[in-house]
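*Asks:* One structure, as structure tokens, below. Some questions next.
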Amino acid sequence: MTRYREKKYICGKYMEVNVYPAYEQIKGKRKKVKQTSEVQKALNDHNRKKKLTRLLNANFDENDIKIELTYAENPKSDEEAEKCLRNFLRRLKRHRKKKNLPDLKYIVITEKGKRSGRIHHHCILNGGLLLSEIRDIWGLGIIRASQLEPGDKGFEALANYLTKNITNGEIEAYEKAWHASRNLVQPVERSNDSRISRKKAREMYENQESRDIFEKLYPDHFFVECQPIYNEVNGQYYLHIFMRKKE
């Protein structure tokens with residue numbers, strides 16, 4: 001009898017649930033399947049977007065902001081750009097402390113155009129400061145800013161936007177796709193191998209748009225979406241469910 005695993009990712013107001021068959025691990029050496037470079041790249045891109053979405057959802061909301069830092073004079077090297085960014089974040093942190101605001105929280109993605117060589121930084125910051133204050137603290141070029149606008153899936157669209165140029169190869173990806181402040185809350189992961197039966201997984205698959213089934217299963221959340229897959233090879237069900245916490 002196939003057991004089904006229910007794996008939750010709790011990210012602030014949002015929760016992702018993956019339901020899939022959990023097979024017993026066979027002891028001994030497991031043969032690794034070597035993926036093609038295209039398959040591996042697609043998998044890396046998918047995982048990058050998912051990880052960033054969860055991190056954004058766990059830490060930011062509509063009171064926070066997205067800014068793009070540009071340079072009037074392009075830095076002479078990547079190291080110089082990173083130094084400028086570190087100094088900006090350091091000054092920003094001090095300024096928030098002077099104003100008795102919560103500690104700075106941020107996620108930054110640095111991009112460098114392959115053709116132009118122009119460097120700029122995408123920053124997600126917690127709110128509380130005026131744009132004029134942030135502009136004065138940066139002082140090296142133009143700042144573009146906007147308020148964060150979560151959708152039904154939180155900041156999934158924003159995560160896709162922030163990583164799109166790394167995904168399509170239009171910019172040079174740094175060693176890390178992004179770097180973030182150490183005080184970010186990490187998504188909570190929980191697994192359960194006894195709550196979802198194959199019969200229940202089939203019911204969820206066949207009623208993928210039924211709010212009642214999912215909201216009964218997760219009563220503290222509103223149903224947003226279910227993405228179901230039936231694997232004809234092994235005859236099993238795979239579901240990716242997205243829920244939003246009730247206020």
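Please note that chains go A, B, ... in the order of the structure tokens, that every chain numbers its residues from 1, and that ligands are numbered from 1 in the order shown.
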Leaving out stretch 91-104 of chain A and any residue of its chain fewer than 4 positions from it, which residues lie within 10 Å of it when counting only C-alpha atoms, given as a ChimeraX atom specification?
*Replies:* /A:85-87,125-129,133-134,137-138,181-184
*Asks:* Taking the DSSP secondary structure from the backbone, can you list the residues of stretch 16-242 of chain A that are strand (DSSP E), as a ChimeraX atom specification?
*Replies:* /A:16-22,65-69,106-112,119-125,143-147,179-180,188-196,221-231,236-242
*Asks:* By how many Å are atom CA of A:Phe214 and atom CA of A:Asn231 apart?
*Replies:* 21.4 Å
*Asks:* Report the residues of stretch 9-244 of chain A whose backbone DSSP state falls under helix (DSSP H, G or I), written as a ChimeraX atom specification.
*Replies:* /A:37-59,78-98,131-138,156-167,198-206,211-217
*Asks:* Quick check, in Å to one decimal: how far apart do atom CA of A:Val19 and atom CA of A:Ser194 lie?
*Replies:*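 Computing the Euclidean distance for atom CA of A:Val19 and atom CA of A:Ser194 yields 11.5 Å.
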*Asks:* Extract, using only C-alpha atoms, all DNA, RNA and protein residues at most 7 Å from A:Arg244, discarding same-chain residues fewer than 2 positions from it, and format them as number ranges by chain.
*Replies:* A: 13-15, 221-224, 246
*Asks:* Output the selection as a compact mmCIF listing (two decimals), in the first residue's frame - N, CA and C atoms for each residue.
*Replies:*
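Output file selection.txt follows:
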```txt
# COMPACT_ATOMS: atom_id res chain seq x y z
N LYS A 13 2.02 34.44 5.78
CA LYS A 13 0.59 34.32 5.52
C LYS A 13 0.26 33.23 4.51
N TYR A 14 1.28 32.58 3.96
CA TYR A 14 1.07 31.64 2.86
C TYR A 14 1.60 30.26 3.22
N MET A 15 0.98 29.27 2.59
CA MET A 15 1.42 27.89 2.82
C MET A 15 1.36 27.11 1.51
N HIS A 221 -6.81 28.18 6.58
CA HIS A 221 -6.35 28.82 5.35
C HIS A 221 -7.45 28.86 4.29
N PHE A 222 -7.34 29.85 3.39
CA PHE A 222 -8.17 29.92 2.20
C PHE A 222 -7.49 29.16 1.07
N PHE A 223 -8.29 28.48 0.26
CA PHE A 223 -7.75 27.78 -0.90
C PHE A 223 -7.43 28.77 -2.02
N VAL A 224 -6.25 28.64 -2.61
CA VAL A 224 -5.85 29.50 -3.74
C VAL A 224 -5.77 28.68 -5.02
N LYS A 246 -5.99 32.62 6.86
CA LYS A 246 -7.12 33.48 7.19
C LYS A 246 -6.68 34.55 8.18
```
